[in-house]
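> What follows is the file model_16.csv, containing CSV, C-alpha atoms:
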```
chain,number,residue,atom,x,y,z
A,1,ASP,CA,105.7,102.2,104.5
A,2,SER,CA,109.1,100.9,105.6
A,3,GLY,CA,111.1,103.7,104.1
A,4,VAL,CA,113.0,101.2,101.9
A,5,THR,CA,112.5,101.8,98.2
A,6,GLN,CA,113.0,99.1,95.5
A,7,THR,CA,112.7,99.5,91.8
A,8,PRO,CA,111.4,98.2,89.6
A,9,LYS,CA,108.4,96.4,91.1
A,10,HIS,CA,108.2,93.9,88.3
A,11,LEU,CA,110.7,92.7,85.8
A,12,ILE,CA,110.1,90.3,82.9
A,13,THR,CA,113.1,89.2,80.9
A,14,ALA,CA,114.4,86.2,78.9
A,15,THR,CA,117.0,83.6,79.8
A,16,GLY,CA,120.6,84.6,79.3
A,17,GLN,CA,119.8,88.3,79.9
A,18,ARG,CA,121.2,90.6,82.6
A,19,VAL,CA,119.1,92.8,84.9
A,20,THR,CA,119.8,95.3,87.7
A,21,LEU,CA,117.7,95.7,90.8
A,22,ARG,CA,117.9,98.9,92.8
A,23,CYS,CA,117.4,99.7,96.4
A,24,SER,CA,117.4,102.8,98.5
A,25,PRO,CA,117.7,102.2,102.2
A,26,ARG,CA,115.9,104.1,105.0
A,27,SER,CA,117.4,107.4,105.8
A,28,GLY,CA,120.3,106.9,108.3
A,29,ASP,CA,120.6,103.1,107.7
A,30,LEU,CA,124.1,102.1,106.7
A,31,SER,CA,123.5,98.4,106.1
A,32,VAL,CA,121.7,96.9,103.0
A,33,TYR,CA,120.8,93.3,102.7
A,34,TRP,CA,119.5,91.4,99.7
A,35,TYR,CA,117.2,88.4,100.0
A,36,GLN,CA,115.7,86.0,97.5
A,37,GLN,CA,112.2,84.6,98.2
A,38,SER,CA,110.9,81.7,96.3
A,39,LEU,CA,108.0,79.3,97.1
A,40,ASP,CA,110.2,76.4,97.8
A,41,GLN,CA,113.2,78.1,99.4
A,42,GLY,CA,111.7,80.7,101.6
A,43,LEU,CA,113.8,83.8,102.4
A,44,GLN,CA,117.4,83.2,101.4
A,45,PHE,CA,120.1,85.7,102.4
A,46,LEU,CA,122.2,86.7,99.5
A,47,ILE,CA,124.6,89.5,100.5
A,48,GLN,CA,125.0,92.4,102.9
A,49,TYR,CA,126.8,95.7,102.5
A,50,TYR,CA,127.7,98.1,105.3
A,51,ASN,CA,128.6,101.7,104.4
A,52,GLY,CA,129.9,100.7,101.0
A,53,GLU,CA,131.7,97.6,101.9
A,54,GLU,CA,130.7,94.0,101.5
A,55,ARG,CA,130.1,92.6,105.0
A,56,ALA,CA,128.7,89.1,104.5
A,57,LYS,CA,127.8,86.7,101.8
A,58,GLY,CA,125.1,84.1,101.8
A,59,ASN,CA,123.8,81.8,99.1
A,60,ILE,CA,124.7,84.1,96.3
A,61,LEU,CA,125.5,82.7,92.9
A,62,GLU,CA,128.6,83.7,91.0
A,63,ARG,CA,126.3,85.1,88.3
A,64,PHE,CA,125.0,87.6,90.8
A,65,SER,CA,126.8,90.6,92.1
A,66,ALA,CA,126.0,93.6,94.2
A,67,GLN,CA,127.4,96.9,95.3
A,68,GLN,CA,126.6,99.8,97.6
A,69,PHE,CA,127.3,103.3,96.4
A,70,PRO,CA,128.5,106.4,98.4
A,71,ASP,CA,125.0,107.6,98.7
A,72,LEU,CA,124.2,104.2,100.3
A,73,HIS,CA,121.8,103.0,97.6
A,74,SER,CA,122.5,99.5,96.4
A,75,GLU,CA,122.2,97.5,93.2
A,76,LEU,CA,121.9,93.8,92.7
A,77,ASN,CA,123.1,92.6,89.3
A,78,LEU,CA,121.8,89.3,88.0
A,79,SER,CA,123.4,88.0,84.8
A,80,SER,CA,123.1,84.9,82.5
A,81,LEU,CA,119.6,84.5,83.9
A,82,GLU,CA,118.0,81.1,84.1
A,83,LEU,CA,114.4,80.1,84.6
A,84,GLY,CA,115.2,79.2,88.2
A,85,ASP,CA,116.2,82.7,89.0
A,86,SER,CA,112.5,83.7,88.9
A,87,ALA,CA,111.7,84.9,92.4
A,88,LEU,CA,110.9,87.9,94.5
A,89,TYR,CA,114.0,89.8,95.5
A,90,PHE,CA,113.9,91.9,98.6
A,91,CYS,CA,116.2,94.6,99.9
A,92,ALA,CA,116.3,95.3,103.6
A,93,SER,CA,118.2,97.9,105.6
A,94,SER,CA,119.2,98.4,109.2
A,95,VAL,CA,121.2,100.7,111.3
A,96,ALA,CA,123.4,97.9,112.6
A,97,GLY,CA,126.4,96.7,110.8
A,98,THR,CA,126.4,93.2,112.1
A,99,GLY,CA,124.0,90.4,111.9
A,100,GLY,CA,120.7,91.9,110.8
A,101,GLU,CA,118.7,93.0,113.8
A,102,LYS,CA,115.5,95.0,113.1
A,103,LEU,CA,115.5,94.7,109.4
A,104,PHE,CA,113.2,97.0,107.3
A,105,PHE,CA,112.2,95.4,104.1
A,106,GLY,CA,111.2,97.0,100.8
A,107,SER,CA,108.3,95.8,98.8
A,108,GLY,CA,110.4,93.7,96.6
A,109,THR,CA,111.1,93.2,92.9
A,110,GLN,CA,109.3,90.3,91.2
A,111,LEU,CA,111.6,88.9,88.6
A,112,SER,CA,110.2,86.6,85.9
A,113,VAL,CA,112.6,84.9,83.6
A,114,LEU,CA,110.9,83.4,80.5
B,1,GLY,CA,125.2,76.9,110.3
B,2,GLU,CA,121.9,77.8,111.9
B,3,ASN,CA,118.7,75.9,110.9
B,4,VAL,CA,115.3,77.2,111.8
B,5,GLU,CA,112.2,75.0,111.5
B,6,GLN,CA,108.7,76.5,111.6
B,7,HIS,CA,105.3,74.8,112.2
B,8,PRO,CA,102.6,74.7,111.0
B,9,SER,CA,103.0,75.8,107.4
B,10,THR,CA,99.3,76.9,107.3
B,11,LEU,CA,96.9,77.8,110.1
B,12,SER,CA,93.2,78.7,110.0
B,13,VAL,CA,91.5,80.1,113.0
B,14,GLN,CA,88.1,81.7,113.7
B,15,GLU,CA,88.1,85.4,114.3
B,16,GLY,CA,88.6,86.0,118.0
B,17,ASP,CA,90.4,82.7,118.7
B,18,SER,CA,94.1,82.5,119.4
B,19,ALA,CA,96.9,81.4,117.0
B,20,VAL,CA,100.2,79.9,117.9
B,21,ILE,CA,103.2,79.4,115.6
B,22,LYS,CA,106.2,77.4,116.8
B,23,CYS,CA,109.9,77.5,115.7
B,24,THR,CA,113.0,75.5,116.7
B,25,TYR,CA,116.6,76.5,116.1
B,26,SER,CA,119.7,74.5,116.1
B,27,ASP,CA,122.5,76.9,117.1
B,28,SER,CA,122.6,77.2,120.9
B,29,ALA,CA,124.7,80.4,120.4
B,30,SER,CA,121.7,82.2,118.8
B,31,ASN,CA,120.6,85.1,120.9
B,32,TYR,CA,118.1,87.2,119.0
B,33,PHE,CA,114.8,86.0,117.7
B,34,PRO,CA,112.6,88.2,115.5
B,35,TRP,CA,109.2,87.6,114.0
B,36,TYR,CA,108.1,89.1,110.7
B,37,LYS,CA,104.7,89.5,109.2
B,38,GLN,CA,104.4,89.5,105.4
B,39,GLU,CA,101.1,90.7,103.9
B,40,LEU,CA,100.3,90.0,100.3
B,41,GLY,CA,102.3,92.1,97.9
B,42,LYS,CA,104.5,93.6,100.6
B,43,GLY,CA,107.8,92.9,102.2
B,44,PRO,CA,108.2,91.3,105.6
B,45,GLN,CA,107.6,93.6,108.6
B,46,LEU,CA,109.1,93.2,112.0
B,47,ILE,CA,106.3,92.7,114.5
B,48,ILE,CA,108.1,91.6,117.7
B,49,ASP,CA,111.5,90.3,118.7
B,50,ILE,CA,113.1,88.8,121.8
B,51,ARG,CA,116.6,88.3,123.1
B,52,SER,CA,117.9,85.2,124.8
B,53,ASN,CA,118.1,86.8,128.2
B,54,VAL,CA,114.3,87.2,128.2
B,55,GLY,CA,111.7,84.4,128.5
B,56,GLU,CA,108.6,86.2,127.3
B,57,LYS,CA,107.7,89.5,125.6
B,58,LYS,CA,104.3,91.0,125.0
B,59,ASP,CA,103.0,93.8,122.7
B,60,GLN,CA,99.2,94.2,122.9
B,61,ARG,CA,97.7,91.0,121.3
B,62,ILE,CA,101.1,89.6,120.3
B,63,ALA,CA,103.5,87.7,122.6
B,64,VAL,CA,106.6,85.6,122.0
B,65,THR,CA,108.0,83.0,124.4
B,66,LEU,CA,111.5,81.5,124.3
B,67,ASN,CA,112.8,78.3,125.8
B,68,LYS,CA,116.6,78.4,125.5
B,69,THR,CA,117.0,74.9,126.9
B,70,ALA,CA,114.7,73.3,124.4
B,71,LYS,CA,115.8,75.8,121.7
B,72,HIS,CA,112.4,76.7,120.6
B,73,PHE,CA,110.3,79.9,120.6
B,74,SER,CA,106.7,80.6,119.8
B,75,LEU,CA,104.5,83.4,118.6
B,76,HIS,CA,101.1,83.8,120.2
B,77,ILE,CA,98.4,86.0,118.7
B,78,THR,CA,95.3,86.5,120.9
B,79,GLU,CA,91.8,87.7,119.8
B,80,THR,CA,92.7,87.3,116.2
B,81,GLN,CA,91.3,89.7,113.6
B,82,PRO,CA,91.0,89.4,109.8
B,83,GLU,CA,93.8,91.8,109.4
B,84,ASP,CA,96.1,89.3,111.1
B,85,SER,CA,95.8,87.1,108.0
B,86,ALA,CA,99.3,87.0,106.5
B,87,VAL,CA,102.5,84.9,106.3
B,88,TYR,CA,104.5,84.9,109.5
B,89,PHE,CA,108.3,84.2,109.6
B,90,CYS,CA,110.4,83.4,112.6
B,91,ALA,CA,114.1,83.9,112.5
B,92,ALA,CA,117.2,83.5,114.6
B,93,LEU,CA,120.5,85.4,114.8
B,94,GLY,CA,123.7,84.0,116.2
B,95,SER,CA,126.1,85.7,118.5
B,96,GLY,CA,129.8,86.4,118.2
B,97,GLY,CA,131.3,88.2,115.3
B,98,TYR,CA,129.1,88.5,112.2
B,99,GLN,CA,126.1,86.2,112.1
B,100,LYS,CA,123.4,86.3,109.5
B,101,VAL,CA,119.6,86.1,110.2
B,102,THR,CA,118.2,82.7,109.3
B,103,PHE,CA,114.5,82.6,108.6
B,104,GLY,CA,112.0,79.8,109.0
B,105,THR,CA,109.9,78.7,106.1
B,106,GLY,CA,106.8,80.7,107.1
B,107,THR,CA,103.3,80.1,108.3
B,108,LYS,CA,100.3,81.3,106.3
B,109,LEU,CA,97.7,82.4,108.8
B,110,GLN,CA,94.1,82.7,107.8
B,111,VAL,CA,91.6,84.3,110.1
B,112,ILE,CA,88.1,83.4,109.2
B,113,PRO,CA,85.5,86.2,109.9
```
Please render this file's structure as structure tokens.

Amino acid sequence: DSGVTQTPKHLITATGQRVTLRCSPRSGDLSVYWYQQSLDQGLQFLIQYYNGEERAKGNILERFSAQQFPDLHSELNLSSLELGDSALYFCASSVAGTGGEKLFFGSGTQLSVL
Amino acid sequence: GENVEQHPSTLSVQEGDSAVIKCTYSDSASNYFPWYKQELGKGPQLIIDIRSNVGEKKDQRIAVTLNKTAKHFSLHITETQPEDSAVYFCAALGSGGYQKVTFGTGTKLQVIP
């Protein structure tokens, strides 16, 4: 158990819909990272928050947004969903505020867009 | 930006044999190289990491080597066991300011009993 909690584990929805993925980092970790994993794209970095502030952006679509709350949990919002958004979404946390050393990953949310 | 290539994409070995996974990176400023293991239905888990000022690091049956000149690093697993079967990802992290972790495409390792 990594100590990172992600909910829900599975999500099935239709095109055009909006969903919210939730992540609770390990106790004491200030950084939260979101990754998308698909068969043909591997692990793609989406966005990082550190202590409530956006720290870095990766290949995140404009239809996607995230935030980190004062209690340090984070949410990833995906809107106007398309079939191609179907993937496994991981949240990771770390103590460090820069870069992403020693990431601890949650078990992921499997999103299926039908 | 950083580009990490990983080979092979799949690897089958007999139990007890060694397994080697190789990665190359493009950014000579990268200075931190972690390896993650992802078991079925789980998130990636850090198994070993190495910094650019070190050429080799070992942890029981796992070792990582780094050749900065050639910009490649490798994961070595000795005396493989069935529980080593998983997908392994290499990654690289640049230096200076904020640099994100770039992952390789993964190697699916199968250890045959």
> Could you please tell me, as a ChimeraX atom specification, which residues of chain A have an atom within 10 Å of chain B when using all atoms listed in the file?
/A:1-2,4,39-45,47-48,55-58,88-92,97-110
> Which is closer to B:Gln14 than all the others in B:Glu79, B:Glu2, B:Glu39, B:Asp27, using all atoms listed in the file?
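Nearest to B:Gln14: B:Glu79.
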> What is the atom CA of B:Thr78 to atom CA of B:Glu5 distance in Å?
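Computing the Euclidean distance for atom CA of B:Thr78 and atom CA of B:Glu5 yields 22.5 Å.
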> What does the distance from atom CA of B:Tyr25 to atom CA of B:Thr107 come to in Å, to one decimal?
15.8 Å
> Closest to A:Leu114 among A:Asp29, A:Ile12, A:Glu54, A:Val95, using only C-alpha atoms?
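Residue with the minimum atom-to-atom distance to A:Leu114: A:Ile12.
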> Around the point (99.3, 93.9, 110.7) in the file's coordinates, collect all residues with an atom within 8 Å, using all atoms listed in the file, and return them as an NGL selection string.
:B and (37 or 39 or 83-84)
> Atom CA of A:Ser27 to atom CA of A:Glu75: how many Å, to one decimal?
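Interatomic distance here is 16.7 Å.
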> Tell me which of A:Arg22, A:Asn77, A:Gly52, A:Gly28 sits closest to A:His10, counting all atoms listed in the file.
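That would be A:Arg22, the residue with the smallest distance to A:His10.
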> Which residue out of B:Cys23, B:Ile112, B:Val64, B:Ala86 has the minimum interatomic distance to B:Asn3 when all atoms listed in the file are used?
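Nearest to B:Asn3: B:Cys23.
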> Which residue is closest to A:Ile60? Choose from A:Leu111, A:Ala87, A:Ala14, A:Leu78 and count only C-alpha atoms.
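Under the stated criterion, the closest residue is A:Leu78.
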> Around (121.9, 87.8, 84.4) in the file's frame, which residues reach within 7 Å when counting only C-alpha atoms? Return as a list in words?
Gly16, Gln17, Arg18, Val19, Arg63, Asn77, Leu78, Ser79, Ser80 and Leu81 of chain A
> Would you mind telling me which residue in A:Ser86, A:Gln67, A:Asn51, A:Ser74 lies nearest to A:Ser31 when using only C-alpha atoms?
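Counting only C-alpha atoms, the residue closest to A:Ser31 is A:Asn51.
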> What does stretch 45-57 of chain B look like written to a file with all heavy atoms, as a short mmCIF file (atom, residue, chain, number, x, y, z; two decimals), in the first residue's frame?

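What ended up in result_15.cif:
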```cif
data_model
loop_
_atom_site.label_atom_id
_atom_site.label_comp_id
_atom_site.auth_asym_id
_atom_site.auth_seq_id
_atom_site.Cartn_x
_atom_site.Cartn_y
_atom_site.Cartn_z
N GLN B 45 5.41 1.36 -8.71
CA GLN B 45 6.06 1.43 -7.41
C GLN B 45 7.56 1.60 -7.64
O GLN B 45 8.18 0.85 -8.39
CB GLN B 45 5.79 0.15 -6.62
CG GLN B 45 6.49 0.09 -5.28
CD GLN B 45 6.32 -1.25 -4.58
OE1 GLN B 45 5.84 -2.20 -5.17
NE2 GLN B 45 6.71 -1.32 -3.32
N LEU B 46 8.14 2.58 -6.98
CA LEU B 46 9.58 2.82 -7.10
C LEU B 46 10.35 1.64 -6.51
O LEU B 46 10.10 1.23 -5.37
CB LEU B 46 9.95 4.10 -6.35
CG LEU B 46 11.42 4.49 -6.34
CD1 LEU B 46 11.89 4.88 -7.74
CD2 LEU B 46 11.67 5.63 -5.36
N ILE B 47 11.27 1.08 -7.30
CA ILE B 47 12.04 -0.05 -6.81
C ILE B 47 13.52 0.30 -6.61
O ILE B 47 14.19 -0.28 -5.75
CB ILE B 47 11.92 -1.28 -7.73
CG1 ILE B 47 12.31 -0.95 -9.17
CG2 ILE B 47 10.51 -1.84 -7.67
CD1 ILE B 47 12.40 -2.17 -10.08
N ILE B 48 14.03 1.22 -7.38
CA ILE B 48 15.40 1.63 -7.22
C ILE B 48 15.61 2.93 -8.00
O ILE B 48 14.89 3.17 -8.97
CB ILE B 48 16.40 0.54 -7.68
CG1 ILE B 48 17.82 0.82 -7.19
CG2 ILE B 48 16.37 0.38 -9.20
CD1 ILE B 48 18.77 -0.37 -7.37
N ASP B 49 16.54 3.75 -7.57
CA ASP B 49 16.85 4.97 -8.31
C ASP B 49 18.34 5.26 -8.22
O ASP B 49 19.04 4.74 -7.34
CB ASP B 49 16.03 6.16 -7.81
CG ASP B 49 16.15 6.39 -6.30
OD1 ASP B 49 17.04 5.80 -5.66
OD2 ASP B 49 15.36 7.17 -5.76
N ILE B 50 18.83 6.06 -9.14
CA ILE B 50 20.25 6.37 -9.16
C ILE B 50 20.43 7.82 -9.59
O ILE B 50 19.66 8.33 -10.39
CB ILE B 50 21.01 5.41 -10.11
CG1 ILE B 50 22.53 5.55 -9.95
CG2 ILE B 50 20.60 5.62 -11.56
CD1 ILE B 50 23.31 4.45 -10.66
N ARG B 51 21.44 8.46 -9.03
CA ARG B 51 21.74 9.84 -9.40
C ARG B 51 22.95 9.86 -10.32
O ARG B 51 23.74 8.91 -10.34
CB ARG B 51 21.99 10.69 -8.15
CG ARG B 51 20.77 10.77 -7.28
CD ARG B 51 20.92 11.75 -6.13
NE ARG B 51 19.75 11.69 -5.27
CZ ARG B 51 18.61 12.32 -5.52
NH1 ARG B 51 18.51 13.06 -6.60
NH2 ARG B 51 17.58 12.22 -4.71
N SER B 52 23.12 10.96 -11.02
CA SER B 52 24.13 11.01 -12.07
C SER B 52 25.56 10.99 -11.54
O SER B 52 26.50 10.80 -12.31
CB SER B 52 23.93 12.24 -12.95
OG SER B 52 23.98 13.42 -12.17
N ASN B 53 25.75 11.20 -10.26
CA ASN B 53 27.11 11.16 -9.70
C ASN B 53 27.51 9.75 -9.25
O ASN B 53 28.56 9.56 -8.65
CB ASN B 53 27.23 12.14 -8.54
CG ASN B 53 26.25 11.83 -7.41
OD1 ASN B 53 25.33 11.04 -7.59
ND2 ASN B 53 26.46 12.45 -6.26
N VAL B 54 26.65 8.77 -9.56
CA VAL B 54 26.90 7.38 -9.17
C VAL B 54 26.81 6.52 -10.41
O VAL B 54 25.94 6.72 -11.26
CB VAL B 54 25.87 6.91 -8.13
CG1 VAL B 54 26.07 5.43 -7.81
CG2 VAL B 54 25.96 7.75 -6.88
N GLY B 55 27.72 5.55 -10.55
CA GLY B 55 27.72 4.72 -11.74
C GLY B 55 26.90 3.44 -11.59
O GLY B 55 26.42 2.90 -12.58
N GLU B 56 26.74 2.98 -10.34
CA GLU B 56 26.02 1.73 -10.13
C GLU B 56 25.43 1.74 -8.73
O GLU B 56 26.00 2.29 -7.78
CB GLU B 56 26.95 0.54 -10.29
CG GLU B 56 26.26 -0.81 -10.14
CD GLU B 56 27.18 -1.99 -10.41
OE1 GLU B 56 28.38 -1.75 -10.66
OE2 GLU B 56 26.71 -3.13 -10.38
N LYS B 57 24.28 1.10 -8.60
CA LYS B 57 23.63 0.97 -7.30
C LYS B 57 22.95 -0.38 -7.23
O LYS B 57 22.35 -0.82 -8.21
CB LYS B 57 22.60 2.10 -7.12
CG LYS B 57 21.92 2.13 -5.78
CD LYS B 57 20.99 3.33 -5.69
CE LYS B 57 20.28 3.41 -4.36
NZ LYS B 57 19.36 4.59 -4.29
#
```
